[in-house]
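Novice: I am attaching a structure below and will ask some questions about it afterwards.
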Amino acid sequence: MEGVLGRLGAAVEITRPVNSLMVSFAIVLALGIASRWSFEGLTPLELVAVSVAGYCLSSVAMITNDLIDLEIDKVNAPNRPLPAGRISRSEAALLSVLLAATGLILAAYVDFITLAFYLAGLILSLMYNRFLKRTGLPGNIVVAALVSAPFIYASLEAGGVKGPMLVFSAMVFLAVLGREVAKGVPDVEGDRAAGVKTVAVSLGERAAVVIASILYLASSALGYIPLVYGLVNPLLYTPLIALLTILVVREVILIVRNPSRDNVLAHKNRVLGYMLLGLVAFALGTLGI
């Protein structure tokens with residue numbers, strides 16, 4: 001029994017539940033913001049289906065990444081389920097196929113736009129894991145595009161890309177691109193051995209954190225555009241976007257001063273929290289607008 005529970009725990013862990021739940025949450029919030037919280041055109045069941053499909057897509061990307069990068073992770077992340085032997089390659093592959101099929105069925109159930117975005121996301125994530133990750137910055141750009149795609153998707157579902165959604169998708173793109181560049185710092189040893197040309201490998205760890213910092217600051221600066229053009233409620237939005245700016249500046253100072261492996265590893269998790277704060281800022285800022 002203990003062995004079965006351990007396998008189930010490893011199966012959940014390999015999907016990166018926090019990351020995948022954030023994708024689901026981001027999709028629902030994006031649909032709410034884009035539709036001015038009417039969720040027009042989507043039934044409650046379809047909204048659940050979209051959310052679960054997003055979780056499945058993110059999970060498949062995470063699992064296939066671990067399958068392809070198993071040898072690298074034995075150096076960079078030996079405690080993950082696959083390199084630690086807590087789940088087998090065949091079990092992980094089967095889980096990936098089941099999740100991909102589930103997401104596909106749910107996306108097809110919703111509508112053509114959802115199905116098209118799901119298939120495009122699935123293909124791009126598999127291409128990234130198999131080929132593009134080793135290219136460094138081009139691969140980072142693909143990841144950033146994938147993470148910002150839900151906001152474009154939500155806008156299309158709501159009738160077109162406009163208003164704060166366009167700004168927020170650009171903010172997410174820049175923030176994720178910065179995080180991807182920074183992620184190469186703690187993985188530099190394994191990536192160099194495997195021939196992965198991250199910014200940290202090509203230009204050095206300090207250059208990587210400086211580039212990431214510039215991207216973070218640019219992302220934060222974009223957050224004031226909706227405020228200037230009256231696209232958000234200033235009373236609800238201003239305190240949160242100001243707090244986000246303070247946190248981003250603090251983060252930039254921390255990683256530029258100390259671009260060590262441990263500090264950047266902790267930084268990766270904090271950035272996820274900042275992106276969540278940005279989501280909440282836009283969600284509250286569009287209330288009553």
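To be explicit about the labels: the chains of the structure tokens are called A, B, and onward in the order shown, and within each one the residues are counted from 1, while ligands get numbers from 1 in the order they are shown.
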Name all residues at most 12 Å from Ala144 of chain A (count only C-alpha atoms; drop same-chain ones fewer than 6 positions away) and give them as an MDAnalysis selection string.
Specialist: chainID A and resid 121 124:125 128 137:138 150 169:181 215
Novice: Keeping only all heavy atoms, write the selected residues to a file as a compact mmCIF listing (two decimals), in the first residue's frame.
Specialist:
# COMPACT_ATOMS: atom_id res chain seq x y z
N GLY A 121 -0.65 24.58 -28.45
CA GLY A 121 0.15 24.54 -27.23
C GLY A 121 0.82 23.20 -27.02
O GLY A 121 1.99 23.14 -26.61
N LEU A 124 3.71 22.87 -29.67
CA LEU A 124 4.83 23.75 -29.36
C LEU A 124 5.58 23.28 -28.11
O LEU A 124 6.82 23.33 -28.07
CB LEU A 124 4.35 25.18 -29.16
CG LEU A 124 4.20 26.04 -30.41
CD1 LEU A 124 3.61 27.39 -30.07
CD2 LEU A 124 5.54 26.21 -31.13
N SER A 125 4.85 22.84 -27.10
CA SER A 125 5.51 22.39 -25.87
C SER A 125 6.34 21.13 -26.13
O SER A 125 7.45 20.98 -25.60
CB SER A 125 4.48 22.14 -24.77
OG SER A 125 3.58 21.10 -25.11
N TYR A 128 9.38 22.20 -28.05
CA TYR A 128 10.33 22.85 -27.14
C TYR A 128 11.13 21.81 -26.36
O TYR A 128 12.36 21.87 -26.29
CB TYR A 128 9.59 23.77 -26.17
CG TYR A 128 10.47 24.24 -25.03
CD1 TYR A 128 11.40 25.25 -25.23
CD2 TYR A 128 10.40 23.63 -23.78
CE1 TYR A 128 12.24 25.66 -24.19
CE2 TYR A 128 11.23 24.04 -22.75
CZ TYR A 128 12.15 25.05 -22.95
OH TYR A 128 12.98 25.43 -21.94
N LEU A 137 17.96 31.00 -25.83
CA LEU A 137 17.02 32.11 -25.88
C LEU A 137 15.83 31.85 -26.80
O LEU A 137 14.69 32.17 -26.42
CB LEU A 137 17.75 33.39 -26.28
CG LEU A 137 16.93 34.68 -26.19
CD1 LEU A 137 16.41 34.91 -24.77
CD2 LEU A 137 17.76 35.88 -26.66
N PRO A 138 16.00 31.29 -28.01
CA PRO A 138 14.82 31.00 -28.84
C PRO A 138 13.83 30.08 -28.12
O PRO A 138 12.61 30.28 -28.21
CB PRO A 138 15.42 30.33 -30.08
CG PRO A 138 16.79 30.89 -30.17
CD PRO A 138 17.26 31.03 -28.77
N PRO A 150 -2.73 32.00 -23.01
CA PRO A 150 -4.09 32.00 -22.45
C PRO A 150 -4.77 33.37 -22.48
O PRO A 150 -6.01 33.45 -22.60
CB PRO A 150 -3.88 31.53 -21.00
CG PRO A 150 -2.66 30.68 -21.06
CD PRO A 150 -1.79 31.35 -22.09
N SER A 169 -0.90 40.46 -21.53
CA SER A 169 -0.23 39.36 -22.23
C SER A 169 1.23 39.71 -22.50
O SER A 169 2.12 38.86 -22.40
CB SER A 169 -0.96 39.01 -23.53
OG SER A 169 -0.94 40.09 -24.43
N ALA A 170 1.50 40.99 -22.82
CA ALA A 170 2.88 41.42 -23.04
C ALA A 170 3.66 41.41 -21.73
O ALA A 170 4.84 41.02 -21.70
CB ALA A 170 2.89 42.83 -23.64
N MET A 171 3.01 41.81 -20.63
CA MET A 171 3.66 41.75 -19.32
C MET A 171 4.05 40.33 -18.95
O MET A 171 5.16 40.07 -18.49
CB MET A 171 2.72 42.31 -18.24
CG MET A 171 2.56 43.81 -18.25
SD MET A 171 1.41 44.35 -16.95
CE MET A 171 2.35 43.91 -15.47
N VAL A 172 3.12 39.41 -19.16
CA VAL A 172 3.38 38.00 -18.84
C VAL A 172 4.51 37.46 -19.71
O VAL A 172 5.40 36.76 -19.22
CB VAL A 172 2.10 37.16 -19.03
CG1 VAL A 172 2.40 35.67 -18.92
CG2 VAL A 172 1.05 37.56 -17.99
N PHE A 173 4.47 37.81 -21.00
CA PHE A 173 5.52 37.35 -21.91
C PHE A 173 6.89 37.77 -21.42
O PHE A 173 7.82 36.95 -21.34
CB PHE A 173 5.26 37.90 -23.31
CG PHE A 173 6.31 37.51 -24.32
CD1 PHE A 173 6.21 36.31 -25.00
CD2 PHE A 173 7.40 38.34 -24.57
CE1 PHE A 173 7.19 35.94 -25.92
CE2 PHE A 173 8.37 37.97 -25.48
CZ PHE A 173 8.27 36.77 -26.16
N LEU A 174 7.05 39.04 -21.07
CA LEU A 174 8.36 39.55 -20.63
C LEU A 174 8.78 38.95 -19.30
O LEU A 174 9.95 38.60 -19.09
CB LEU A 174 8.32 41.07 -20.52
CG LEU A 174 8.19 41.84 -21.85
CD1 LEU A 174 8.01 43.33 -21.58
CD2 LEU A 174 9.41 41.59 -22.74
N ALA A 175 7.82 38.81 -18.36
CA ALA A 175 8.14 38.25 -17.04
C ALA A 175 8.57 36.79 -17.16
O ALA A 175 9.55 36.36 -16.53
CB ALA A 175 6.94 38.38 -16.11
N VAL A 176 7.85 36.02 -17.96
CA VAL A 176 8.19 34.61 -18.13
C VAL A 176 9.51 34.46 -18.86
O VAL A 176 10.34 33.60 -18.52
CB VAL A 176 7.06 33.86 -18.87
CG1 VAL A 176 7.48 32.43 -19.19
CG2 VAL A 176 5.80 33.85 -18.02
N LEU A 177 9.75 35.32 -19.86
CA LEU A 177 11.02 35.27 -20.57
C LEU A 177 12.17 35.55 -19.61
O LEU A 177 13.21 34.86 -19.64
CB LEU A 177 11.02 36.29 -21.72
CG LEU A 177 12.26 36.33 -22.60
CD1 LEU A 177 12.55 34.97 -23.22
CD2 LEU A 177 12.10 37.39 -23.70
N GLY A 178 11.99 36.53 -18.72
CA GLY A 178 13.01 36.81 -17.72
C GLY A 178 13.24 35.63 -16.80
O GLY A 178 14.39 35.28 -16.48
N ARG A 179 12.17 35.00 -16.36
CA ARG A 179 12.29 33.84 -15.47
C ARG A 179 13.01 32.68 -16.16
O ARG A 179 13.82 31.99 -15.56
CB ARG A 179 10.91 33.40 -14.99
CG ARG A 179 10.94 32.26 -13.96
CD ARG A 179 9.54 31.99 -13.44
NE ARG A 179 9.57 30.95 -12.41
CZ ARG A 179 9.42 29.65 -12.65
NH1 ARG A 179 9.23 29.23 -13.89
NH2 ARG A 179 9.46 28.77 -11.66
N GLU A 180 12.69 32.46 -17.43
CA GLU A 180 13.34 31.38 -18.18
C GLU A 180 14.84 31.64 -18.33
O GLU A 180 15.65 30.71 -18.23
CB GLU A 180 12.68 31.22 -19.56
CG GLU A 180 11.29 30.63 -19.52
CD GLU A 180 11.27 29.23 -18.94
OE1 GLU A 180 12.03 28.37 -19.42
OE2 GLU A 180 10.51 29.00 -17.98
N VAL A 181 15.20 32.89 -18.59
CA VAL A 181 16.62 33.23 -18.70
C VAL A 181 17.31 33.00 -17.36
O VAL A 181 18.40 32.40 -17.30
CB VAL A 181 16.79 34.69 -19.17
CG1 VAL A 181 18.25 35.12 -19.04
CG2 VAL A 181 16.33 34.84 -20.61
N LEU A 215 14.24 42.46 -18.27
CA LEU A 215 12.94 41.98 -18.73
C LEU A 215 11.88 42.14 -17.64
O LEU A 215 10.74 42.53 -17.92
CB LEU A 215 13.05 40.51 -19.16
CG LEU A 215 13.86 40.27 -20.43
CD1 LEU A 215 14.19 38.79 -20.59
CD2 LEU A 215 13.10 40.78 -21.65
Novice: I'd like the neighbourhood of Leu104 of chain A as a JSON list (two decimals) with C-alpha atoms, in the first residue's frame, where a residue qualifies if any of its atoms comes within 8 Å (using only C-alpha atoms), though same-chain residues fewer than 6 positions away should be ignored.
Specialist:
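Now in out-v4.json:
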[["chain", "number", "residue", "atom", "x", "y", "z"],
["A", 53, "ALA", "CA", -7.64, 21.16, -20.18],
["A", 115, "LEU", "CA", -9.24, 23.06, -29.49],
["A", 118, "TYR", "CA", -4.81, 23.36, -27.09],
["A", 119, "LEU", "CA", -3.34, 21.59, -30.13]]
Novice: Do a neighbour search on Leu217 of chain A at 7 Å with only C-alpha atoms, toss out local chain neighbours closer than 4 positions, and write the hits as a PyMOL selection string.
Specialist: chain A and resi 213+221+248
Novice: Please provide as a VMD selection string all residues within 6 Å of Gly190 of chain A, with the sequence filter that same-chain residues fewer than 6 positions apart are discarded (counting only C-alpha atoms).
Specialist: chain A and resid 72 75 to 76
Novice: Identify all residues of segment 98-237 of chain A in alpha helix (DSSP H) (DSSP on the backbone) and supply them as a VMD selection string.
Specialist: chain A and resid 98 to 110 112 to 130 137 to 157 164 to 183 188 to 194 199 to 203 205 to 222 225 to 228 234 to 237
Novice: Expressed in Å to a single decimal, how great is the separation between atom CA of Leu29 of chain A and atom CA of Val280 of chain A?
Specialist: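 For atom CA of Leu29 of chain A relative to atom CA of Val280 of chain A, the distance reads 8.3 Å.
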